[in-house]
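Trainee: Sharing a structure below in structure tokens format, with a few things to ask.
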Amino acid sequence: MFDIKWIRANAELFDSSLKRRGQPPASADLIALDDARKAKVTAMNEAQEKRNALSKQIGQAKAAGDNARAESIMAEVGALKSAVQEFEEAERTLTDELNTKLSFLPNLLHPEVPDGTSENENVTIRTHLEPKTFSFKPKEHYEIGETLGLMDFEAAARIAGSRFVVLRGQMARLERALGQFMLDLHTREHGFTEVSAPLLVRSEALFGTGQLPKFSEEAFETTDGRWLIPTSEVSLTNLVREQILSGEDLPLRFTSLTPCFRSEAGSAGRDTRGMLRQHQFAKVEMVVVTTPDRSEEEQHHMLGCAEAVLRKLEIPYRVVALCSGDMGASMQRTYDIEAWLPGQNAYREISSVSMAGDFQARRMNTRYRNGEGKLDFVHTLNGSGIAVGRALIALVENYQNEDGSVTIPEALRPFMGGLERIG
RNA sequence: GGGUGGGUGGCAGAGUGGUUGAAUGCACCGGUCUUGAAAACCGGCGGGCGUGUAAGCGUCUCGGGGGUUCGAAUCCCUCCCCACCCGCCA
């Protein structure tokens, strides 16, 4: 959420950021609306001031026993009252309109974000490990999983429909092991606090992180008006909503392993096979709440935490900086980590590490006291650390053997009861 | 699902129609004292909006909205939220 005062002072920058996201300029319209609002506020204040002064005089007149004078002033105030109400109503209408427009705007882009209109223009920052070469044609994860009888898409479809999966036996355990492994890593080595938080949240929470009002079709709403979280970023970030934090307590670092639920409206036909794009998937999320000056540093730290997962699992990946046209609306800068999938012969997103600046903090009204005791909005960041479902895909595909079995990487064996291979 | 009680400043907690934006305590900031710190004492201390270079001034704000009244944190209506008890269920 933007501060209209900031837009006034930075109109050009604001519009150019919108343009880079492929949207038309909005500052002129917003400023005009705010001008109208201000005019009403001033008129309203003047009318209120007059009313208050006269009301006071009534009290004085009555105290002095001058009832005639009191009544003449009362008549005067009576006339003023309706005027005050009209101003108030007009002011509220304009303020609501302005806030609604502001709430739909995407975040300002960080200057380093590369220009582009689609993922094709994302910029690769670095690559870790060369894609493994296979002496046979590597299969896709679902072929491996189905052949082993450990991934069952048909059963899932009978129970829940398409875009669900049933994992069985060691494959189910593998998913659990991956989650445990990641949580242990982040809590023991990366300074995160593990959190178990609601998966079902109020609209206000989704508004806070920016999924509402603009992206309501991407999440599932319950019959009682709550929402299934599309990511635990929502629960973790909203942990600090409507709070005034002490600067000394920052940064806060939270992590959580949760299911995530996405309607995938608009992605019909994309990634329909396998468990790459599901309505439900497990993800370890990291959220950081910090002071503005540490924000960028924390993003790089978090990116490193996510990378550490893949490094320990020895899965090839690359880090890309998302271009302006591919970035999420709430974010200022995003790095994606893409794992190599031999079966697909492609890199696919497995983590996304983003910086929101004060965009979410404003929507949640989360502030902290700085060194001078002044209130300021915190900065928030989030990143997958990492997507468990996709990590399982990457693991199965990268560690597949010609006989259809899957080797368990060293780092994960302690979480698999020492098991060295599946199948 | 049934019933009851509540939502006041960073926190706790007074306040049921008239200089109350709001007592008091804690926290916080400044100062005195101290070698330093603590304690004690003195002083300061909500937020939003508008206006102004600023100091300041104005206005709104005691969960949201509406109403009664010359005047509302205090009365009425309505919505939201929270807590507790009973029932049901994990």
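Residue numbering restarts at 1 in every chain; chains get A, B, ... in the order shown in the structure tokens, and ligands count up from 1 in that same order.
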Hey, what does DSSP flag as strand (DSSP E) within range 374-415 of chain A? Can you give it to me as a JSON list (two decimals) with all heavy atoms, in the first residue's frame?

Mentor:
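Contents of result_35.json, as written:
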[["chain", "number", "residue", "atom", "x", "y", "z"],
["A", 375, "LEU", "N", 7.64, 6.49, 15.49],
["A", 375, "LEU", "CA", 7.05, 5.32, 14.86],
["A", 375, "LEU", "C", 7.38, 5.29, 13.38],
["A", 375, "LEU", "O", 7.37, 6.31, 12.71],
["A", 375, "LEU", "CB", 5.53, 5.35, 15.03],
["A", 375, "LEU", "CG", 5.01, 5.16, 16.46],
["A", 375, "LEU", "CD1", 3.51, 5.33, 16.48],
["A", 375, "LEU", "CD2", 5.39, 3.79, 16.98],
["A", 376, "ASP", "N", 7.68, 4.09, 12.90],
["A", 376, "ASP", "CA", 7.92, 3.92, 11.48],
["A", 376, "ASP", "C", 7.45, 2.52, 11.10],
["A", 376, "ASP", "O", 7.39, 1.64, 11.95],
["A", 376, "ASP", "CB", 9.42, 4.08, 11.17],
["A", 376, "ASP", "CG", 9.66, 4.27, 9.68],
["A", 376, "ASP", "OD1", 8.68, 4.43, 8.92],
["A", 376, "ASP", "OD2", 10.84, 4.24, 9.27],
["A", 377, "PHE", "N", 7.11, 2.35, 9.83],
["A", 377, "PHE", "CA", 6.68, 1.03, 9.38],
["A", 377, "PHE", "C", 7.87, 0.09, 9.28],
["A", 377, "PHE", "O", 8.96, 0.49, 8.87],
["A", 377, "PHE", "CB", 5.98, 1.14, 8.02],
["A", 377, "PHE", "CG", 4.63, 1.80, 8.11],
["A", 377, "PHE", "CD1", 4.45, 3.11, 7.71],
["A", 377, "PHE", "CD2", 3.54, 1.10, 8.63],
["A", 377, "PHE", "CE1", 3.20, 3.72, 7.81],
["A", 377, "PHE", "CE2", 2.29, 1.70, 8.74],
["A", 377, "PHE", "CZ", 2.12, 3.02, 8.32],
["A", 379, "HIS", "N", 9.81, -3.31, 7.69],
["A", 379, "HIS", "CA", 9.91, -3.94, 6.37],
["A", 379, "HIS", "C", 9.67, -5.44, 6.55],
["A", 379, "HIS", "O", 10.05, -6.01, 7.57],
["A", 379, "HIS", "CB", 11.28, -3.70, 5.75],
["A", 379, "HIS", "CG", 11.37, -2.35, 5.07],
["A", 379, "HIS", "ND1", 12.32, -2.06, 4.13],
["A", 379, "HIS", "CD2", 10.61, -1.24, 5.21],
["A", 379, "HIS", "CE1", 12.15, -0.80, 3.70],
["A", 379, "HIS", "NE2", 11.13, -0.28, 4.36],
["A", 380, "THR", "N", 9.05, -6.03, 5.55],
["A", 380, "THR", "CA", 8.82, -7.47, 5.62],
["A", 380, "THR", "C", 9.42, -8.16, 4.39],
["A", 380, "THR", "O", 9.51, -7.57, 3.32],
["A", 380, "THR", "CB", 7.32, -7.82, 5.67],
["A", 380, "THR", "OG1", 6.67, -7.27, 4.53],
["A", 380, "THR", "CG2", 6.67, -7.26, 6.93],
["A", 381, "LEU", "N", 9.85, -9.40, 4.62],
["A", 381, "LEU", "CA", 10.41, -10.21, 3.53],
["A", 381, "LEU", "C", 9.89, -11.62, 3.69],
["A", 381, "LEU", "O", 9.53, -12.03, 4.79],
["A", 381, "LEU", "CB", 11.93, -10.24, 3.60],
["A", 381, "LEU", "CG", 12.64, -8.90, 3.59],
["A", 381, "LEU", "CD1", 13.05, -8.51, 4.99],
["A", 381, "LEU", "CD2", 13.85, -8.96, 2.69],
["A", 382, "ASN", "N", 9.88, -12.33, 2.59],
["A", 382, "ASN", "CA", 9.50, -13.74, 2.70],
["A", 382, "ASN", "C", 10.18, -14.53, 1.61],
["A", 382, "ASN", "O", 10.56, -14.00, 0.57],
["A", 382, "ASN", "CB", 7.99, -13.90, 2.62],
["A", 382, "ASN", "CG", 7.44, -13.48, 1.28],
["A", 382, "ASN", "OD1", 7.49, -14.23, 0.32],
["A", 382, "ASN", "ND2", 6.93, -12.27, 1.20],
["A", 383, "GLY", "N", 10.33, -15.81, 1.89],
["A", 383, "GLY", "CA", 10.94, -16.67, 0.90],
["A", 383, "GLY", "C", 10.59, -18.11, 1.18],
["A", 383, "GLY", "O", 10.39, -18.50, 2.33],
["A", 384, "SER", "N", 10.50, -18.91, 0.14],
["A", 384, "SER", "CA", 10.28, -20.32, 0.35],
["A", 384, "SER", "C", 11.60, -20.95, 0.73],
["A", 384, "SER", "O", 12.63, -20.65, 0.15],
["A", 384, "SER", "CB", 9.72, -20.99, -0.90],
["A", 384, "SER", "OG", 9.65, -20.10, -1.98],
["A", 385, "GLY", "N", 11.52, -21.83, 1.69],
["A", 385, "GLY", "CA", 12.79, -22.36, 2.17],
["A", 385, "GLY", "C", 12.81, -23.87, 2.37],
["A", 385, "GLY", "O", 13.25, -24.28, 3.39],
["A", 386, "ILE", "N", 12.38, -24.66, 1.43],
["A", 386, "ILE", "CA", 11.85, -24.33, 0.11],
["A", 386, "ILE", "C", 10.54, -25.09, -0.10],
["A", 386, "ILE", "O", 10.08, -25.77, 0.82],
["A", 386, "ILE", "CB", 12.88, -24.70, -1.00],
["A", 386, "ILE", "CG1", 13.20, -26.18, -0.92],
["A", 386, "ILE", "CG2", 14.14, -23.91, -0.84],
["A", 386, "ILE", "CD1", 14.20, -26.67, -1.97],
["A", 387, "ALA", "N", 9.99, -25.01, -1.30],
["A", 387, "ALA", "CA", 8.76, -25.73, -1.60],
["A", 387, "ALA", "C", 9.03, -27.23, -1.51],
["A", 387, "ALA", "O", 9.84, -27.77, -2.24],
["A", 387, "ALA", "CB", 8.26, -25.36, -2.99],
["A", 406, "VAL", "N", 15.30, -44.73, -6.56],
["A", 406, "VAL", "CA", 15.75, -43.36, -6.29],
["A", 406, "VAL", "C", 16.70, -43.38, -5.10],
["A", 406, "VAL", "O", 16.36, -43.91, -4.03],
["A", 406, "VAL", "CB", 14.55, -42.44, -5.96],
["A", 406, "VAL", "CG1", 15.04, -41.05, -5.57],
["A", 406, "VAL", "CG2", 13.59, -42.38, -7.14],
["A", 407, "THR", "N", 17.89, -42.85, -5.31],
["A", 407, "THR", "CA", 18.86, -42.79, -4.22],
["A", 407, "THR", "C", 18.52, -41.64, -3.28],
["A", 407, "THR", "O", 18.12, -40.57, -3.74],
["A", 407, "THR", "CB", 20.28, -42.60, -4.80],
["A", 407, "THR", "OG1", 20.56, -43.68, -5.70],
["A", 407, "THR", "CG2", 21.33, -42.56, -3.69]]

Trainee: I need the chain A residues near chain B as a ChimeraX atom specification; criterion: at most 8 Å, counting only C-alpha atoms (C1' of nucleotides).

Mentor: /A:38,41-42,45-46,48-49,55,58-59,74,244,373

Trainee: Go ahead and compute the interatomic distance for CA of Ser235 in chain A and CA of Gln211 in chain A, in Å to one decimal.

Mentor: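 It comes out at 12.2 Å.
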
Trainee: Any idea what's packed within 7 Å of Leu108 in chain A, counting only C-alpha atoms (C1' of nucleotides), ignoring anything in its chain fewer than 6 positions away? Could you give it as a PDB file with N, CA and C atoms, in the first residue's frame?

Mentor:
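The resulting file, part_31.pdb, is reproduced below:
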ATOM      1  N   PHE A  14       7.110   6.793  -9.344  1.00  0.00           N
ATOM      2  CA  PHE A  14       5.942   5.944  -9.145  1.00  0.00           C
ATOM      3  C   PHE A  14       5.371   5.465 -10.485  1.00  0.00           C
ATOM      4  N   SER A  17       7.652   3.091 -12.388  1.00  0.00           N
ATOM      5  CA  SER A  17       7.608   1.734 -11.848  1.00  0.00           C
ATOM      6  C   SER A  17       6.380   0.991 -12.369  1.00  0.00           C
ATOM      7  N   GLN A 332       9.019  -5.778  -4.072  1.00  0.00           N
ATOM      8  CA  GLN A 332       9.898  -4.782  -4.687  1.00  0.00           C
ATOM      9  C   GLN A 332      11.011  -5.452  -5.495  1.00  0.00           C
TER      10      GLN A 332
END

Trainee: Looking at A:Pro414, A:Leu310, A:Ser246, A:Pro409, which one is nearest to His128 in chain A, with distances taken over only C-alpha atoms?

Mentor: A:Leu310

Trainee: Could you write out, as a ChimeraX atom specification, all the residues of range 291-405 of chain A that DSSP marks as helix (DSSP H, G or I)?

Mentor: /A:292-313,324-326,359-364,388-398

Trainee: Those residues with C-alpha atoms, as a JSON list (two decimals), in the first residue's frame please?

Mentor:
[["chain", "number", "residue", "atom", "x", "y", "z"],
["A", 292, "PRO", "CA", 14.20, -0.66, 6.81],
["A", 293, "ASP", "CA", 17.98, -0.33, 6.93],
["A", 294, "ARG", "CA", 18.47, -4.10, 7.19],
["A", 295, "SER", "CA", 15.94, -5.05, 4.59],
["A", 296, "GLU", "CA", 18.21, -5.72, 1.63],
["A", 297, "GLU", "CA", 20.76, -7.55, 3.74],
["A", 298, "GLU", "CA", 18.02, -9.82, 5.06],
["A", 299, "GLN", "CA", 16.88, -10.69, 1.57],
["A", 300, "HIS", "CA", 20.34, -11.90, 0.63],
["A", 301, "HIS", "CA", 20.60, -13.80, 3.88],
["A", 302, "MET", "CA", 17.28, -15.49, 3.22],
["A", 303, "LEU", "CA", 18.26, -16.32, -0.33],
["A", 304, "GLY", "CA", 21.36, -17.99, 1.07],
["A", 305, "CYS", "CA", 19.21, -19.98, 3.50],
["A", 306, "ALA", "CA", 17.06, -21.29, 0.68],
["A", 307, "GLU", "CA", 20.09, -22.11, -1.43],
["A", 308, "ALA", "CA", 21.62, -24.01, 1.47],
["A", 309, "VAL", "CA", 18.80, -26.53, 1.25],
["A", 310, "LEU", "CA", 19.60, -27.39, -2.35],
["A", 311, "ARG", "CA", 23.34, -27.32, -1.75],
["A", 312, "LYS", "CA", 23.06, -29.85, 1.05],
["A", 313, "LEU", "CA", 20.83, -32.01, -1.10],
["A", 324, "SER", "CA", 9.68, -6.29, -13.81],
["A", 325, "GLY", "CA", 6.96, -8.04, -15.79],
["A", 326, "ASP", "CA", 7.23, -11.33, -13.92],
["A", 359, "PHE", "CA", 4.13, -2.37, 1.47],
["A", 360, "GLN", "CA", 2.72, -5.10, 3.68],
["A", 361, "ALA", "CA", 3.53, -3.27, 6.90],
["A", 362, "ARG", "CA", 1.30, -0.39, 5.84],
["A", 363, "ARG", "CA", -1.51, -2.75, 5.00],
["A", 364, "MET", "CA", -1.13, -4.53, 8.35],
["A", 388, "VAL", "CA", 8.62, -29.29, -0.30],
["A", 389, "GLY", "CA", 6.52, -30.76, -3.11],
["A", 390, "ARG", "CA", 8.81, -29.41, -5.75],
["A", 391, "ALA", "CA", 11.90, -30.38, -3.78],
["A", 392, "LEU", "CA", 10.57, -33.92, -3.82],
["A", 393, "ILE", "CA", 10.20, -33.73, -7.59],
["A", 394, "ALA", "CA", 13.73, -32.40, -7.97],
["A", 395, "LEU", "CA", 15.12, -35.06, -5.69],
["A", 396, "VAL", "CA", 13.34, -37.92, -7.41],
["A", 397, "GLU", "CA", 14.36, -36.77, -10.85],
["A", 398, "ASN", "CA", 17.97, -35.94, -10.02]]

Trainee: Find the spatial neighbours of Ala90 in chain A, counting only C-alpha atoms (C1' of nucleotides), within a cut-off of 10 Å - ignore same-chain residues fewer than 3 positions away - and output them as a compact mmCIF listing (two decimals) with N, CA and C atoms, in the first residue's frame.

Mentor:
# COMPACT_ATOMS: atom_id res chain seq x y z
N ALA A 36 -9.01 16.69 -4.22
CA ALA A 36 -10.44 16.83 -3.93
C ALA A 36 -10.72 16.45 -2.48
N ARG A 37 -10.05 15.41 -2.04
CA ARG A 37 -10.22 14.95 -0.67
C ARG A 37 -9.76 16.03 0.32
N LYS A 40 -12.11 18.88 0.72
CA LYS A 40 -13.25 18.52 1.57
C LYS A 40 -12.84 18.50 3.04
N VAL A 41 -11.66 17.98 3.29
CA VAL A 41 -11.19 17.92 4.67
C VAL A 41 -11.10 19.32 5.25
N MET A 44 -14.51 20.70 5.83
CA MET A 44 -15.11 19.99 6.95
C MET A 44 -14.54 20.51 8.27
N VAL A 84 -22.09 20.29 8.19
CA VAL A 84 -20.98 19.48 8.69
C VAL A 84 -21.14 18.04 8.23
N GLN A 85 -22.36 17.55 8.37
CA GLN A 85 -22.59 16.15 7.99
C GLN A 85 -22.35 15.90 6.51
N GLU A 86 -22.78 16.86 5.71
CA GLU A 86 -22.55 16.70 4.27
C GLU A 86 -21.07 16.63 3.96
N PHE A 87 -20.32 17.54 4.59
CA PHE A 87 -18.87 17.54 4.36
C PHE A 87 -18.26 16.22 4.81
N THR A 93 -16.39 9.50 1.50
CA THR A 93 -16.50 8.87 0.17
C THR A 93 -15.20 8.99 -0.60
N LEU A 94 -14.64 10.20 -0.58
CA LEU A 94 -13.39 10.42 -1.32
C LEU A 94 -12.23 9.65 -0.71
N THR A 95 -12.18 9.62 0.62
CA THR A 95 -11.10 8.88 1.28
C THR A 95 -11.19 7.40 0.97
N ASP A 96 -12.41 6.87 1.01
CA ASP A 96 -12.60 5.45 0.70
C ASP A 96 -12.18 5.15 -0.73
